[in-house]
file query_2.cif (mmCIF, C-alpha atoms and all ligand atoms)
data_entry
#
loop_
_atom_site.label_atom_id
_atom_site.label_comp_id
_atom_site.auth_asym_id
_atom_site.auth_seq_id
_atom_site.Cartn_x
_atom_site.Cartn_y
_atom_site.Cartn_z
CA MET A 1 -19.58 1.03 -40.41
CA THR A 2 -23.23 0.94 -39.41
CA GLU A 3 -25.28 -2.19 -38.75
CA LYS A 4 -26.94 -1.70 -42.15
CA HIS A 5 -23.52 -1.73 -43.85
CA MET A 6 -22.57 -4.84 -41.90
CA ASN A 7 -25.67 -6.70 -43.08
CA PHE A 8 -25.04 -5.64 -46.63
CA GLY A 9 -21.36 -6.66 -46.30
CA MET A 10 -22.32 -10.08 -44.94
CA GLN A 11 -24.64 -10.68 -47.90
CA SER A 12 -21.94 -9.85 -50.39
CA LEU A 13 -19.40 -12.09 -48.59
CA GLU A 14 -21.90 -14.95 -48.70
CA SER A 15 -22.62 -14.46 -52.36
CA GLU A 16 -18.91 -14.32 -53.25
CA PHE A 17 -17.50 -17.03 -50.97
CA GLY A 18 -20.57 -19.15 -50.18
CA THR A 19 -22.70 -19.33 -47.04
CA LEU A 20 -20.95 -22.39 -45.64
CA THR A 21 -17.49 -20.91 -46.05
CA VAL A 22 -18.57 -17.69 -44.36
CA LYS A 23 -20.14 -19.73 -41.56
CA LYS A 24 -16.83 -21.54 -41.07
CA ALA A 25 -14.98 -18.20 -40.97
CA ILE A 26 -17.38 -16.96 -38.28
CA GLU A 27 -16.85 -20.14 -36.29
CA ASN A 28 -13.06 -19.80 -36.54
CA VAL A 29 -13.08 -16.18 -35.37
CA ARG A 30 -15.45 -17.13 -32.56
CA ASN A 31 -13.07 -19.86 -31.33
CA PHE A 32 -9.78 -18.04 -31.78
CA LYS A 33 -7.83 -17.37 -28.60
CA VAL A 34 -4.44 -15.71 -28.34
CA GLU A 35 -2.16 -15.17 -25.38
CA ILE A 36 -0.95 -11.69 -24.46
CA PRO A 37 2.44 -10.82 -22.93
CA SER A 38 2.65 -9.31 -19.45
CA TRP A 39 5.66 -7.23 -20.50
CA ILE A 40 3.73 -5.08 -22.97
CA PHE A 41 1.99 -3.39 -20.04
CA GLY A 42 5.09 -2.76 -17.93
CA ARG A 43 8.05 -0.44 -17.95
CA PHE A 44 10.05 -2.47 -20.47
CA GLY A 45 11.29 -1.30 -23.84
CA GLY A 46 12.33 2.33 -23.30
CA GLY A 47 15.91 2.80 -24.38
CA ARG A 48 16.36 5.33 -27.15
CA PHE A 49 14.33 8.13 -25.65
CA GLY A 50 15.86 8.06 -22.21
CA ASP A 51 13.37 6.71 -19.75
CA TYR A 52 10.37 7.75 -21.86
CA MET A 53 7.46 5.34 -21.44
CA PRO A 54 4.01 5.64 -22.93
CA PRO A 55 1.99 7.17 -20.06
CA GLY A 56 0.11 4.82 -17.75
CA ALA A 57 2.62 1.94 -17.79
CA ALA A 58 1.93 -0.71 -15.14
CA ARG A 59 4.24 -0.52 -12.13
CA ASN A 60 3.88 -4.09 -10.97
CA VAL A 61 2.44 -7.43 -11.97
CA ARG A 62 -0.97 -6.66 -10.45
CA GLU A 63 -1.33 -3.58 -12.63
CA LYS A 64 -0.18 -5.62 -15.64
CA LEU A 65 -2.99 -8.07 -14.88
CA ASP A 66 -5.49 -5.21 -14.58
CA ASP A 67 -4.50 -4.08 -18.08
CA ALA A 68 -4.56 -7.61 -19.45
CA ALA A 69 -8.06 -8.05 -18.01
CA ILE A 70 -9.41 -4.98 -19.78
CA VAL A 71 -7.92 -6.23 -23.06
CA HIS A 72 -9.76 -9.52 -22.52
CA LYS A 73 -12.96 -7.74 -21.53
CA LEU A 74 -12.94 -5.81 -24.83
CA THR A 75 -11.89 -8.70 -27.10
CA GLY A 76 -13.20 -11.83 -25.38
CA ALA A 77 -10.19 -13.62 -26.87
CA THR A 78 -7.24 -13.07 -24.57
CA ASP A 79 -7.66 -14.63 -21.14
CA THR A 80 -4.12 -15.97 -20.77
CA VAL A 81 -1.03 -13.90 -20.01
CA ALA A 82 2.55 -14.94 -20.72
CA MET A 83 4.90 -14.19 -17.85
CA HIS A 84 8.63 -13.59 -17.51
CA ILE A 85 10.27 -15.18 -14.46
CA LEU A 86 12.44 -12.23 -13.44
CA TRP A 87 9.93 -9.52 -14.29
CA ASP A 88 6.84 -11.16 -12.81
CA PHE A 89 7.84 -13.87 -10.34
CA SER A 90 10.83 -12.40 -8.55
CA ARG A 91 11.35 -10.38 -5.38
CA ASP A 92 14.85 -9.16 -6.23
CA GLY A 93 15.00 -9.30 -10.05
CA LYS A 94 17.71 -11.94 -9.79
CA GLU A 95 15.97 -15.17 -8.82
CA GLY A 96 12.52 -16.53 -9.55
CA ASP A 97 10.25 -17.36 -6.63
CA ILE A 98 7.52 -19.98 -6.79
CA ALA A 99 5.58 -18.36 -3.93
CA VAL A 100 5.33 -15.16 -5.98
CA ALA A 101 4.12 -17.22 -8.94
CA GLU A 102 1.40 -18.76 -6.78
CA GLU A 103 0.33 -15.31 -5.67
CA VAL A 104 0.26 -14.07 -9.29
CA ALA A 105 -1.83 -17.09 -10.27
CA LYS A 106 -4.36 -16.14 -7.58
CA GLU A 107 -4.38 -12.50 -8.68
CA SER A 108 -4.94 -13.67 -12.26
CA ARG A 109 -7.88 -15.86 -11.33
CA SER A 110 -9.50 -13.05 -9.35
CA ARG A 111 -9.57 -11.02 -12.59
CA GLY A 112 -10.91 -13.91 -14.69
CA MET A 113 -7.48 -14.43 -16.24
CA LYS A 114 -4.95 -17.29 -16.38
CA ILE A 115 -1.19 -17.53 -16.46
CA GLY A 116 0.03 -18.67 -19.88
CA ALA A 117 3.51 -19.46 -21.16
CA ILE A 118 6.35 -19.11 -18.68
CA ASN A 119 9.47 -17.41 -20.01
CA PRO A 120 12.76 -17.88 -18.18
CA THR A 121 14.49 -14.50 -18.31
CA TYR A 122 17.93 -15.15 -19.75
CA PHE A 123 18.73 -11.63 -20.88
CA LEU A 124 18.99 -9.35 -17.86
CA LYS A 125 22.18 -8.52 -15.96
CA GLY A 126 24.51 -11.51 -15.66
CA SER A 127 24.13 -13.06 -19.11
CA GLU A 128 26.23 -10.56 -21.07
CA ARG A 129 28.57 -13.45 -21.90
CA GLY A 130 25.78 -15.88 -22.66
CA SER A 131 23.19 -17.87 -20.74
CA LEU A 132 22.68 -21.55 -21.64
CA SER A 133 25.72 -21.49 -23.95
CA ALA A 134 28.09 -19.56 -21.66
CA THR A 135 31.53 -21.00 -20.97
CA GLU A 136 31.26 -20.25 -17.23
CA LYS A 137 29.65 -23.29 -15.61
CA GLN A 138 28.11 -21.22 -12.82
CA THR A 139 26.27 -18.98 -15.28
CA VAL A 140 24.94 -21.95 -17.23
CA GLN A 141 23.79 -23.63 -14.02
CA ARG A 142 22.03 -20.49 -12.84
CA TYR A 143 19.95 -20.37 -16.02
CA ILE A 144 19.33 -24.12 -16.08
CA ASN A 145 17.95 -23.79 -12.56
CA GLN A 146 15.75 -20.89 -13.59
CA THR A 147 14.42 -22.93 -16.53
CA ILE A 148 13.61 -25.89 -14.29
CA LEU A 149 11.75 -23.52 -11.99
CA ALA A 150 9.88 -22.20 -15.06
CA GLY A 151 8.91 -25.79 -15.86
CA THR A 152 7.57 -26.35 -12.35
CA ILE A 153 5.60 -23.09 -12.40
CA ALA A 154 4.23 -23.92 -15.88
CA GLY A 155 3.02 -27.29 -14.59
CA LYS A 156 1.47 -25.94 -11.40
CA PHE A 157 0.15 -22.51 -12.32
CA GLY A 158 0.55 -22.03 -16.08
CA ASN A 159 -0.63 -23.83 -19.20
CA LYS A 160 2.18 -26.40 -19.24
CA LEU A 161 4.22 -24.39 -21.68
CA ILE A 162 7.61 -22.74 -21.37
CA THR A 163 9.17 -20.61 -24.08
CA LEU A 164 12.91 -20.00 -24.29
CA TRP A 165 14.62 -17.05 -25.90
CA LEU A 166 18.37 -16.68 -25.42
CA PRO A 167 20.46 -13.55 -25.98
CA ASP A 168 23.55 -15.70 -26.62
CA GLY A 169 25.81 -14.62 -29.42
CA SER A 170 28.83 -12.44 -30.17
CA LEU A 171 29.75 -9.08 -31.60
CA TYR A 172 32.95 -9.96 -33.49
CA PRO A 173 34.57 -12.98 -35.11
CA GLY A 174 36.97 -14.59 -32.69
CA GLN A 175 35.05 -13.45 -29.61
CA VAL A 176 33.58 -16.91 -28.97
CA GLU A 177 34.15 -20.42 -30.27
CA LEU A 178 31.05 -21.04 -32.36
CA LYS A 179 31.09 -24.83 -32.11
CA LYS A 180 31.77 -24.78 -28.40
CA ALA A 181 28.84 -22.43 -27.73
CA GLN A 182 26.60 -24.75 -29.77
CA GLU A 183 27.71 -27.84 -27.85
CA ILE A 184 27.26 -26.21 -24.44
CA LEU A 185 23.79 -25.08 -25.51
CA PHE A 186 22.77 -28.58 -26.62
CA ASP A 187 24.08 -30.07 -23.35
CA SER A 188 22.16 -27.49 -21.32
CA LEU A 189 18.95 -28.10 -23.24
CA GLN A 190 19.22 -31.86 -22.86
CA ASP A 191 19.82 -31.48 -19.16
CA ILE A 192 16.78 -29.18 -18.90
CA ARG A 193 14.51 -31.56 -20.83
CA GLN A 194 15.43 -34.42 -18.51
CA LYS A 195 14.60 -32.37 -15.43
CA ILE A 196 11.24 -30.94 -16.53
CA ASP A 197 8.03 -32.98 -16.57
CA LYS A 198 7.43 -34.47 -19.97
CA ASP A 199 3.95 -33.03 -20.20
CA VAL A 200 5.38 -29.51 -20.16
CA THR A 201 6.00 -28.34 -23.73
CA ILE A 202 9.25 -26.45 -24.34
CA LEU A 203 9.35 -24.10 -27.31
CA ILE A 204 12.65 -22.70 -28.52
CA GLU A 205 12.63 -19.26 -30.07
CA TYR A 206 15.17 -17.94 -32.56
CA LYS A 207 16.12 -14.44 -33.62
CA VAL A 208 18.22 -13.39 -36.56
CA PHE A 209 20.35 -11.04 -34.46
CA GLU A 210 20.22 -8.80 -31.36
CA PRO A 211 21.92 -8.55 -29.04
CA GLY A 212 24.57 -10.56 -30.93
CA THR A 213 25.54 -8.69 -34.10
CA TYR A 214 28.14 -11.05 -35.54
CA SER A 215 26.76 -14.39 -34.35
CA THR A 216 23.64 -15.67 -32.64
CA VAL A 217 23.47 -19.17 -31.23
CA LEU A 218 19.81 -19.64 -32.18
CA SER A 219 19.50 -17.43 -35.23
CA ASP A 220 17.02 -19.18 -37.48
CA TRP A 221 14.32 -21.84 -37.64
CA GLY A 222 16.94 -24.47 -38.56
CA SER A 223 19.04 -23.89 -35.46
CA ALA A 224 15.94 -23.88 -33.25
CA TYR A 225 14.66 -27.03 -34.95
CA MET A 226 17.98 -28.77 -34.36
CA ALA A 227 17.91 -27.71 -30.70
CA ALA A 228 14.32 -28.96 -30.32
CA MET A 229 15.27 -32.28 -31.93
CA LYS A 230 18.17 -32.62 -29.48
CA MET A 231 15.75 -32.07 -26.61
CA GLY A 232 13.44 -34.75 -27.94
CA ASP A 233 10.18 -35.19 -26.08
CA ASN A 234 7.69 -32.40 -26.33
CA ALA A 235 10.01 -29.68 -27.64
CA GLY A 236 9.33 -27.45 -30.61
CA VAL A 237 10.19 -24.25 -32.43
CA LEU A 238 8.77 -20.84 -31.59
CA VAL A 239 8.47 -18.59 -34.64
CA ASP A 240 8.47 -14.89 -33.76
CA LEU A 241 7.45 -12.93 -36.83
CA GLY A 242 9.79 -10.05 -36.05
CA HIS A 243 12.88 -12.19 -35.77
CA HIS A 244 13.67 -12.59 -39.46
CA HIS A 245 15.54 -10.81 -42.22
CA HIS A 246 13.43 -8.57 -44.42
CA GLY A 247 11.83 -10.53 -47.22
CA THR A 248 11.91 -13.89 -45.42
CA ASN A 249 8.97 -16.03 -46.46
CA ILE A 250 7.65 -16.79 -42.99
CA GLU A 251 4.61 -18.68 -44.21
CA GLN A 252 7.00 -21.10 -45.89
CA ILE A 253 8.74 -21.66 -42.54
CA VAL A 254 5.35 -22.26 -40.91
CA ALA A 255 4.41 -24.74 -43.66
CA ARG A 256 7.73 -26.56 -43.27
CA LEU A 257 7.38 -26.86 -39.51
CA ILE A 258 3.80 -28.09 -39.81
CA CYS A 259 4.99 -30.77 -42.24
CA SER A 260 7.69 -31.83 -39.78
CA GLY A 261 4.91 -32.82 -37.36
CA MET A 262 6.58 -30.90 -34.54
CA LYS A 263 4.23 -29.03 -32.20
CA CYS A 264 5.36 -25.42 -32.46
CA GLY A 265 4.23 -21.93 -31.56
CA PHE A 266 3.98 -18.39 -32.85
CA HIS A 267 4.76 -14.95 -31.43
CA PHE A 268 2.66 -12.47 -33.41
CA ASN A 269 3.85 -8.93 -34.12
CA THR A 270 4.90 -6.85 -37.12
CA ARG A 271 8.48 -6.45 -38.24
CA TYR A 272 9.47 -3.12 -39.68
CA ALA A 273 13.00 -3.35 -38.37
CA ALA A 274 14.60 -6.71 -37.59
CA ASP A 275 12.74 -6.90 -34.31
CA ASP A 276 9.44 -7.72 -32.78
CA ASP A 277 8.12 -4.55 -31.24
CA HIS A 278 5.18 -3.53 -33.39
CA ALA A 279 1.46 -4.22 -33.43
CA VAL A 280 0.06 -6.57 -36.07
CA GLU A 281 -1.65 -4.91 -38.99
CA PRO A 282 -4.15 -6.73 -41.17
CA ASN A 283 -1.73 -7.30 -44.04
CA GLY A 284 -1.22 -10.07 -46.59
CA GLU A 285 1.67 -11.72 -44.77
CA ILE A 286 -0.29 -12.40 -41.62
CA ALA A 287 -3.31 -13.69 -43.56
CA ARG A 288 -1.05 -16.04 -45.55
CA ILE A 289 0.43 -17.32 -42.29
CA PHE A 290 -3.10 -18.03 -41.05
CA TYR A 291 -3.88 -19.84 -44.29
CA GLU A 292 -0.99 -22.24 -43.51
CA LEU A 293 -2.15 -22.67 -39.91
CA VAL A 294 -5.77 -23.31 -40.85
CA THR A 295 -5.06 -25.67 -43.75
CA GLY A 296 -2.29 -27.32 -41.72
CA ASP A 297 -4.80 -28.23 -38.98
CA VAL A 298 -2.70 -26.79 -36.17
CA ILE A 299 -5.18 -24.22 -34.99
CA PHE A 300 -8.61 -25.78 -34.39
CA ASN A 301 -7.62 -29.41 -34.27
CA GLN A 302 -9.96 -31.59 -32.16
CA ASN A 303 -6.83 -33.19 -30.81
CA SER A 304 -5.52 -30.25 -28.78
CA GLN A 305 -2.07 -31.85 -28.69
CA LYS A 306 -1.71 -30.99 -32.36
CA ASN A 307 -2.52 -27.31 -31.95
CA TRP A 308 0.30 -24.82 -31.95
CA ALA A 309 0.62 -22.23 -29.18
CA PHE A 310 -0.45 -18.73 -30.26
CA MET A 311 0.96 -15.74 -28.45
CA ILE A 312 1.40 -12.05 -29.06
CA ASP A 313 4.86 -10.62 -28.41
CA GLN A 314 5.10 -6.89 -28.92
CA CYS A 315 6.26 -3.95 -26.87
CA SER A 316 6.89 -0.72 -28.72
CA SER A 317 8.20 2.24 -26.78
CA ARG A 318 6.26 5.00 -28.59
CA GLU A 319 2.64 3.99 -29.06
CA ASN A 320 -0.11 3.52 -26.50
CA ARG A 321 0.43 -0.13 -25.78
CA ILE A 322 -3.15 -0.99 -24.87
CA HIS A 323 -4.32 0.51 -28.17
CA ALA A 324 -1.54 -1.47 -29.84
CA ILE A 325 -2.46 -4.85 -28.43
CA LEU A 326 -6.18 -4.36 -29.09
CA HIS A 327 -5.26 -3.42 -32.65
CA THR A 328 -3.20 -6.62 -32.89
CA VAL A 329 -6.07 -8.85 -31.74
CA ASP A 330 -8.39 -7.14 -34.23
CA SER A 331 -5.85 -7.60 -37.05
CA LEU A 332 -5.31 -11.27 -36.19
CA GLN A 333 -9.05 -11.88 -36.34
CA ILE A 334 -9.23 -10.16 -39.73
CA ALA A 335 -6.33 -12.28 -40.99
CA LEU A 336 -7.93 -15.48 -39.70
CA ALA A 337 -11.29 -14.62 -41.28
CA ARG A 338 -9.64 -13.90 -44.63
CA ALA A 339 -7.61 -17.11 -44.51
CA SER A 340 -10.80 -19.05 -43.71
CA LEU A 341 -12.50 -17.71 -46.84
CA VAL A 342 -10.03 -19.37 -49.22
CA ASP A 343 -11.49 -22.55 -50.68
CA PRO A 344 -8.47 -24.90 -51.03
CA ALA A 345 -10.38 -27.25 -53.36
CA ARG A 346 -11.15 -24.47 -55.85
CA LEU A 347 -7.60 -23.18 -55.54
CA GLU A 348 -6.33 -26.65 -56.37
CA GLU A 349 -8.19 -26.53 -59.69
CA PHE A 350 -6.14 -23.50 -60.76
CA GLN A 351 -2.96 -25.14 -59.46
CA LYS A 352 -3.65 -28.36 -61.39
CA ASN A 353 -4.18 -26.42 -64.61
CA ASP A 354 -1.03 -24.37 -63.99
CA GLU A 355 -3.10 -21.19 -64.03
CA ILE A 356 -0.53 -19.23 -62.07
CA ILE A 357 -2.09 -15.79 -62.17
CA LEU A 358 -5.62 -17.10 -61.79
CA ALA A 359 -4.54 -19.05 -58.71
CA ASN A 360 -2.92 -15.96 -57.29
CA ARG A 361 -5.98 -13.78 -58.00
CA PHE A 362 -8.32 -16.35 -56.50
CA PHE A 363 -6.14 -16.63 -53.37
CA ASN A 364 -5.83 -12.86 -52.97
CA ASN A 365 -9.55 -12.28 -53.36
CA ALA A 366 -9.87 -13.68 -49.88
CA ILE A 367 -6.42 -12.95 -48.45
CA LEU A 368 -6.13 -9.29 -49.52
CA ASN A 369 -9.41 -8.05 -50.95
CA ALA A 370 -12.19 -9.41 -48.75
CA ASP A 371 -13.74 -6.94 -46.32
CA VAL A 372 -14.31 -9.33 -43.42
CA ARG A 373 -15.47 -6.78 -40.86
CA PRO A 374 -19.04 -8.14 -41.02
CA ILE A 375 -17.65 -11.51 -39.83
CA LEU A 376 -15.95 -9.89 -36.85
CA PHE A 377 -19.08 -7.86 -36.19
CA ALA A 378 -21.26 -11.00 -36.12
CA VAL A 379 -18.97 -12.67 -33.56
CA ARG A 380 -18.71 -9.58 -31.39
CA GLN A 381 -22.46 -9.01 -31.44
CA GLU A 382 -23.00 -12.62 -30.39
CA LYS A 383 -20.54 -12.25 -27.50
CA ASN A 384 -21.84 -8.86 -26.49
CA LEU A 385 -18.50 -7.21 -27.25
CA PRO A 386 -17.90 -3.74 -28.66
CA PHE A 387 -17.49 -3.70 -32.41
CA ASP A 388 -14.35 -1.57 -32.33
CA PRO A 389 -12.25 -2.63 -29.31
CA VAL A 390 -9.77 0.24 -29.73
CA MET A 391 -12.47 2.94 -29.80
CA ALA A 392 -14.29 1.24 -26.93
CA TYR A 393 -11.05 1.46 -24.93
CA VAL A 394 -10.59 5.14 -25.81
CA GLU A 395 -14.14 5.85 -24.67
CA SER A 396 -13.88 3.72 -21.50
CA GLY A 397 -11.91 6.29 -19.49
CA TYR A 398 -9.46 3.57 -18.36
CA GLN A 399 -6.47 5.34 -19.91
CA GLN A 400 -7.19 8.62 -18.08
CA GLN A 401 -7.58 6.69 -14.86
CA ILE A 402 -4.24 4.82 -15.12
CA GLU A 403 -2.41 7.96 -16.17
CA LYS A 404 -3.68 9.66 -13.03
CA GLU A 405 -2.89 6.74 -10.74
CA ARG A 406 0.45 5.53 -12.16
CA PHE A 407 3.37 7.92 -12.37
C1 LIG B 501 13.09 -11.41 -27.74
O1 LIG B 501 13.22 -10.35 -28.64
C2 LIG B 501 11.64 -11.75 -27.48
O2 LIG B 501 10.96 -11.89 -28.69
C3 LIG B 501 11.46 -13.00 -26.65
O3 LIG B 501 10.25 -13.64 -26.96
C4 LIG B 501 11.39 -12.46 -25.28
O4 LIG B 501 10.86 -13.31 -24.35
C5 LIG B 501 10.55 -11.22 -25.50
O5 LIG B 501 11.03 -10.71 -26.72
C6 LIG B 501 10.65 -10.21 -24.41
O6 LIG B 501 11.95 -9.67 -24.37
MN MN B 502 9.25 -13.32 -29.04
#
call {"tool": "encode", "arguments": {"input": "query_2.cif", "output": "structure tokens"}}
result
Amino acid sequence: MTEKHMNFGMQSLESEFGTLTVKKAIENVRNFKVEIPSWIFGRFGGGRFGDYMPPGAARNVREKLDDAAIVHKLTGATDTVAMHILWDFSRDGKEGDIAVAEEVAKESRSRGMKIGAINPTYFLKGSERGSLSATEKQTVQRYINQTILAGTIAGKFGNKLITLWLPDGSLYPGQVELKKAQEILFDSLQDIRQKIDKDVTILIEYKVFEPGTYSTVLSDWGSAYMAAMKMGDNAGVLVDLGHHHHGTNIEQIVARLICSGMKCGFHFNTRYAADDDHAVEPNGEIARIFYELVTGDVIFNQNSQKNWAFMIDQCSSRENRIHAILHTVDSLQIALARASLVDPARLEEFQKNDEIILANRFFNNAILNADVRPILFAVRQEKNLPFDPVMAYVESGYQQQIEKERF
């Protein structure tokens, strides 16, 4: 798209959706920030194809930060990086270390970046029989301690947010006592909440299955909501788009959680299988999710306490991961712009008159049909950013450089 096309596109957006609405969409895209995960840049996520990794993977946390910094440089929207205790703040891969976290915080600052959500790592060696819901007291204690450390690091060096994802579950009926696992989990979470500063938010993530195939202790929004309620103060649900059955109406879950008043969070990605590995594409589902977030006032609320936490969580083993995360940021901005073009008052007219198809067509004109690239272009021009962050990366020479240096 040339500048001439962009100007023409902007005029047609304004004439269809109104100048004020387009202005609001520009403002929203300008203000949108999303956190990126450190693990997308590292050597995590191989598996099927032996030890195949997309070339240029970061070998340590400093290289992960270098990659995160270039993503921020090209998007202007991603200056915080989520960290995993045992991948990023550990000397031996078994215990977290606050001195390492302090060092990583310094390294982040020197690149113009910040540490974001802190993730206790419950799923590496040692939690095969569960983490916070395990029957062995020692195992539970080990992960409680790691979570408390995560809370301390989040308070000192992060953004006062910790996010918990547990691999706890079972493969066959009879393998574990379902009620017992649930009770141990609730006890552990309550213990954790009491021992972490109240101003640190704790978000609890759920996943429909994996690694548990028969049962999963936190398998859906309801189980995570119940766990967050048990924790009480400053605890919420973390919705990861990839962690649902096919066909789940995720925007409905988002709407429900917003109505509950609980402060929650989102892990963006695309689900093609029942997992969370893929980059976000600018599809209808993600724009509808943004419509709920925008109209639910949990994204640009003046009272920052009301805003949800927005993070990307993806890590596919085949694609170039820096291309993939830049593509995700671009897609999220498209989805946000489209959601911002819907006029809820005009939509309500159709709803009141029970004009089902007209309501749907009106909604989709913005959500599916609007070409919002001129909105993104306007913001990027203003911020002196490249119009196409993926192509700008390809042309930067960074990939060739890291492939040469990292082997
Ligand atoms: C689990 O699949 C998950 O979505 C959690 O958010 C983890 O922290 C992340 O992936 C990395 O394994
Ligand atoms: Mn996740």
call {"tool": "atom_distance", "arguments": {"input": "query_2.cif", "atom1": "atom CA of Asn364 of chain A", "atom2": "atom CA of Asp276 of chain A"}}
result
25.8 Å
call {"tool": "residues_around", "arguments": {"input": "query_2.cif", "residues": "Arg271 of chain A", "least_positions_apart": "4", "cutoff": "8 Å", "atoms": "all atoms listed in the file", "output": "MDAnalysis selection string"}}
result
chainID A and resid 241:243 275:278
call {"tool": "closest_atom_pairs", "arguments": {"input": "query_2.cif", "of": "segment 309-371 of chain A", "to": "segment 155-171 of chain A", "cutoff": "12 Å", "atoms": "all atoms listed in the file", "output": "tab-separated table"}}
result
residue	atom	partner	partner_atom	distance
A:Ala309	CA	A:Leu161	CA	8.6
A:Phe310	CA	A:Leu161	CA	11.3
A:Met311	CA	A:Thr163	CA	10.5
A:Asp313	CA	A:Thr163	CA	11.7
call {"tool": "residues_near_ligand", "arguments": {"input": "query_2.cif", "ligand": "ligand LIG 501 (chain B)", "cutoff": "10 Å", "atoms": "all atoms listed in the file", "output": "PyMOL selection string"}}
result
chain A and resi 37-40+44-45+82-84+118-124+163-167+204-211+238-243+266-269+274-277+311-315
call {"tool": "residues_around", "arguments": {"input": "query_2.cif", "residues": "segment 386-393 of chain A", "least_positions_apart": "3", "cutoff": "7 Å", "atoms": "all atoms listed in the file", "output": "short mmCIF file (atom, residue, chain, number, x, y, z; two decimals) with C-alpha atoms, keeping the file's coordinate frame"}}
result
data_model
loop_
_atom_site.label_atom_id
_atom_site.label_comp_id
_atom_site.auth_asym_id
_atom_site.auth_seq_id
_atom_site.Cartn_x
_atom_site.Cartn_y
_atom_site.Cartn_z
CA LEU A 74 -12.94 -5.81 -24.83
CA THR A 75 -11.89 -8.70 -27.10
CA HIS A 323 -4.32 0.51 -28.17
CA LEU A 326 -6.18 -4.36 -29.09
CA HIS A 327 -5.26 -3.42 -32.65
CA PHE A 377 -19.08 -7.86 -36.19
CA ARG A 380 -18.71 -9.58 -31.39
CA SER A 396 -13.88 3.72 -21.50
#
call {"tool": "residues_around", "arguments": {"input": "query_2.cif", "residues": "Gly222 of chain A", "least_positions_apart": "6", "cutoff": "10 Å", "atoms": "all atoms listed in the file", "output": "list in words"}}
result
Tyr206, Ala228, Val237, Ile253 and Leu257 of chain A
call {"tool": "closest_residue", "arguments": {"input": "query_2.cif", "among": "A:Ile196, A:Ala117, A:Ile367, A:Ile289", "to": "ligand MN 502 (chain B)", "atoms": "only C-alpha atoms and all ligand atoms"}}
result
A:Ala117
call {"tool": "atom_distance", "arguments": {"input": "query_2.cif", "atom1": "atom CA of Gln381 of chain A", "atom2": "atom CA of Glu3 of chain A"}}
result
10.4 Å
call {"tool": "closest_residue", "arguments": {"input": "query_2.cif", "among": "A:Thr21, A:Asn60, A:Ser127, A:Asn145", "to": "Pro344 of chain A", "atoms": "only C-alpha atoms"}}
result
A:Thr21
call {"tool": "axis_aligned_box", "arguments": {"input": "query_2.cif", "around": "segment 210-221 of chain A", "padding_each_side": "4 Å", "output": "AutoDock Vina command-line options"}}
result
--center_x 21.2 --center_y -15.2 --center_z -33.3 --size_x 21.8 --size_y 21.3 --size_z 16.6
call {"tool": "atom_distance", "arguments": {"input": "query_2.cif", "atom1": "atom CA of Ile402 of chain A", "atom2": "atom CA of Asp51 of chain A"}}
result
18.3 Å
